[in-house]
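K.L.:
Questions regarding the structure given below will be posed in turn.
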Amino acid sequence: MTVETSASASPAAASSGGVSDGQLARATAARSTVVPPAGDPSAFPALQAEVRRLAAEHDAVILAHSYERPEIQDVADYVGDSLMLSRVAAAARQSTIVFCGVAFMAETAKILSPAKRVLLPDLAAGCSLADSITVDQLRAWKAQHPGAVVVSYVNTSAAVKAESDYCCTSGNARGVIEAIPADREILFLPDMFLGMWLQRVTGRKMHIWLGECHVHAGIRPADVAEWHRAEPDAELLIHPECGCTSQVIDAASAAGEQVQILSTEGMVSYAEKSAAPAFLVATEIGILHRLGLKAPGKRFVPVNREAVCQYMKLTTLEKLRDSLALGQFEIEVAEDIADRARLALERMIAIS
Ligand code: SF4
């Protein structure tokens with residue numbers, strides 16, 4: 001079995017605002033074969049043109065996470081990970097932000113840009129990791145560790161962020177932990193694999209919440225080992241949320257091999273610069289489309305092709321069009337929660 005994606009063009013949509021018809025056509029031609037399209041692909045160009053028209057008409061910027069469907073990434077103004085999109089949302093000049101991602105991301109955009117209208121095309125787009133801790137559970141945990149610094153991964157509800165001192169993403173988590181004075185106790189939540197990796201690279205002992213993302217936790221060491229045997233010359237790119245991270249680092253160290261532990265944005269920039277012709281990719285497979293576009297001519301092989309986030313795949317072009325046309329579904333965050341959550345987010349942005 002070989003599942004690959006490659007591309008011959010790189011869309012401006014991945015890094016700058018505004019998408020031309022030519023860029024859309026090139027990006028569509030480069031579409032990954034891994035994520036099946038939602039609907040008839042021959043209808044995509046007309047739908048994408050309608051989406052762009054509506055975005056201009058409603059003064060909207062379209063943000064898409066790298067795990068979204070290829071046809072959604074292709075029509076977005078910006079594609080990236082949570083940190084990159086948080087920054088874009090905060091600086092956006094448009095009055096409306098349409099977030100093609102999951103609910104906590106749209107909440108984060110609303111917290112950072114309270115005067116803007118923030119739309120999420122499908123309210124069912126949740127996150128198993130964000131659901132793994134409630135605000136009541138966090139309050140109880142804090143009560144057991146008075147004075148501890150609370151660091152929350154950005155995959156959390158607004159209410160949990162409001163109870164946190166810092167937020168972080170996989171792209172800046174290490175910097176956030178290293179910025180906390182060495183004598184302070186740390187509660188890290190909710191992803192245990194990211195927490196364990198952070199302990200390893202920073203040398204800091206932390207209390208770690210035992211939450212996980214079902215998609216990343218499903219990527220096992222056996223998946224990596226199988227592909228590593230089949231593709232011994234490919235570089236291995238692993239997201240720190242993966243269930244395989246610690247075991248793979250141990251196995252690679254024992255064999256004297258290199259493993260790159262990278263955020264989604266880190267994977268993209270690493271693949272662009274690396275001289276390697278092939279990469280094994282251990283994260284949600286939506287990233288393969290972006291990798292193929294940003295590093296044309298290289299091969300990207302998912303170590304587990306079942307690593308699909310069904311929440312990220314809920315957004316379709318039809319739902320995005322309806323979101324723009326009908327102003328649905330508007331995300332609101334209570335002011336007192338937003339004010340406290342913003343502090344944790346702004347501390348994160350200041351460090352990264
Ligand atoms: S991939 Fe995992 S962490 Fe990301 S949105 Fe889906 S469930 Fe949440």
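Identifiers in the structure tokens: chain A, B, ... in order shown; residue index from 1 per chain; ligand index from 1 in order shown.
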List the spatial neighbours of Met348 (chain A) as a ChimeraX atom specification - criterion: any atom at most 6 Å away, only C-alpha atoms, same-chain residues fewer than 2 positions off excluded.
P.N.:
/A:166-168,345-346,350-351
K.L.:
Check which residues fall inside 9 Å of ligand 1 when counting only C-alpha atoms and all ligand atoms, and print them as a ChimeraX atom specification.
P.N.:
/A:67,101-105,125-131,155,191,212-217,241,283-284,307-312
K.L.:
When you count only C-alpha atoms, which of these residues is closest to Ala60 (chain A): A:Thr202, A:Glu332, A:Gly327, A:Ala46?
P.N.:
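Comparing A:Thr202, A:Glu332, A:Gly327, A:Ala46 against Ala60 (chain A), the winner is A:Gly327.
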K.L.:
Between A:Ile133, A:Leu63, A:Leu54, A:Val268, which has the minimum distance to Ala106 (chain A) (counting only C-alpha atoms)?
P.N.:
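Ranking A:Ile133, A:Leu63, A:Leu54, A:Val268 by distance to Ala106 (chain A), first place goes to A:Leu63.
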K.L.:
Given the choices A:Ser269, A:Arg184, A:Leu293, A:Ile349, which gets closest to Val88 (chain A) if the distance is worked out from only C-alpha atoms?
P.N.:
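Closest to Val88 (chain A), using only C-alpha atoms: A:Ile349.
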K.L.:
Can you tell me, as an MDAnalysis selection string, what residues are no more than 9 Å from Ile219 (chain A) when counting only C-alpha atoms, ignoring any on the same chain fewer than 6 positions away?
P.N.:
chainID A and resid 242:244 282:283 303:304 306:307
K.L.:
Compile the contact shell of Glu330 (chain A) as a ChimeraX atom specification: residues with an atom at most 10 Å away, counting only C-alpha atoms, same-chain residues fewer than 6 positions apart removed.
P.N.:
/A:96-98,106-107,110,117-121,123,323
K.L.:
Figure out the distance between CA of Val154 (chain A) and CA of Val333 (chain A), please, to one decimal in Å.
P.N.:
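If I compute the distance from CA of Val333 (chain A) to CA of Val154 (chain A), I get 15.5 Å.
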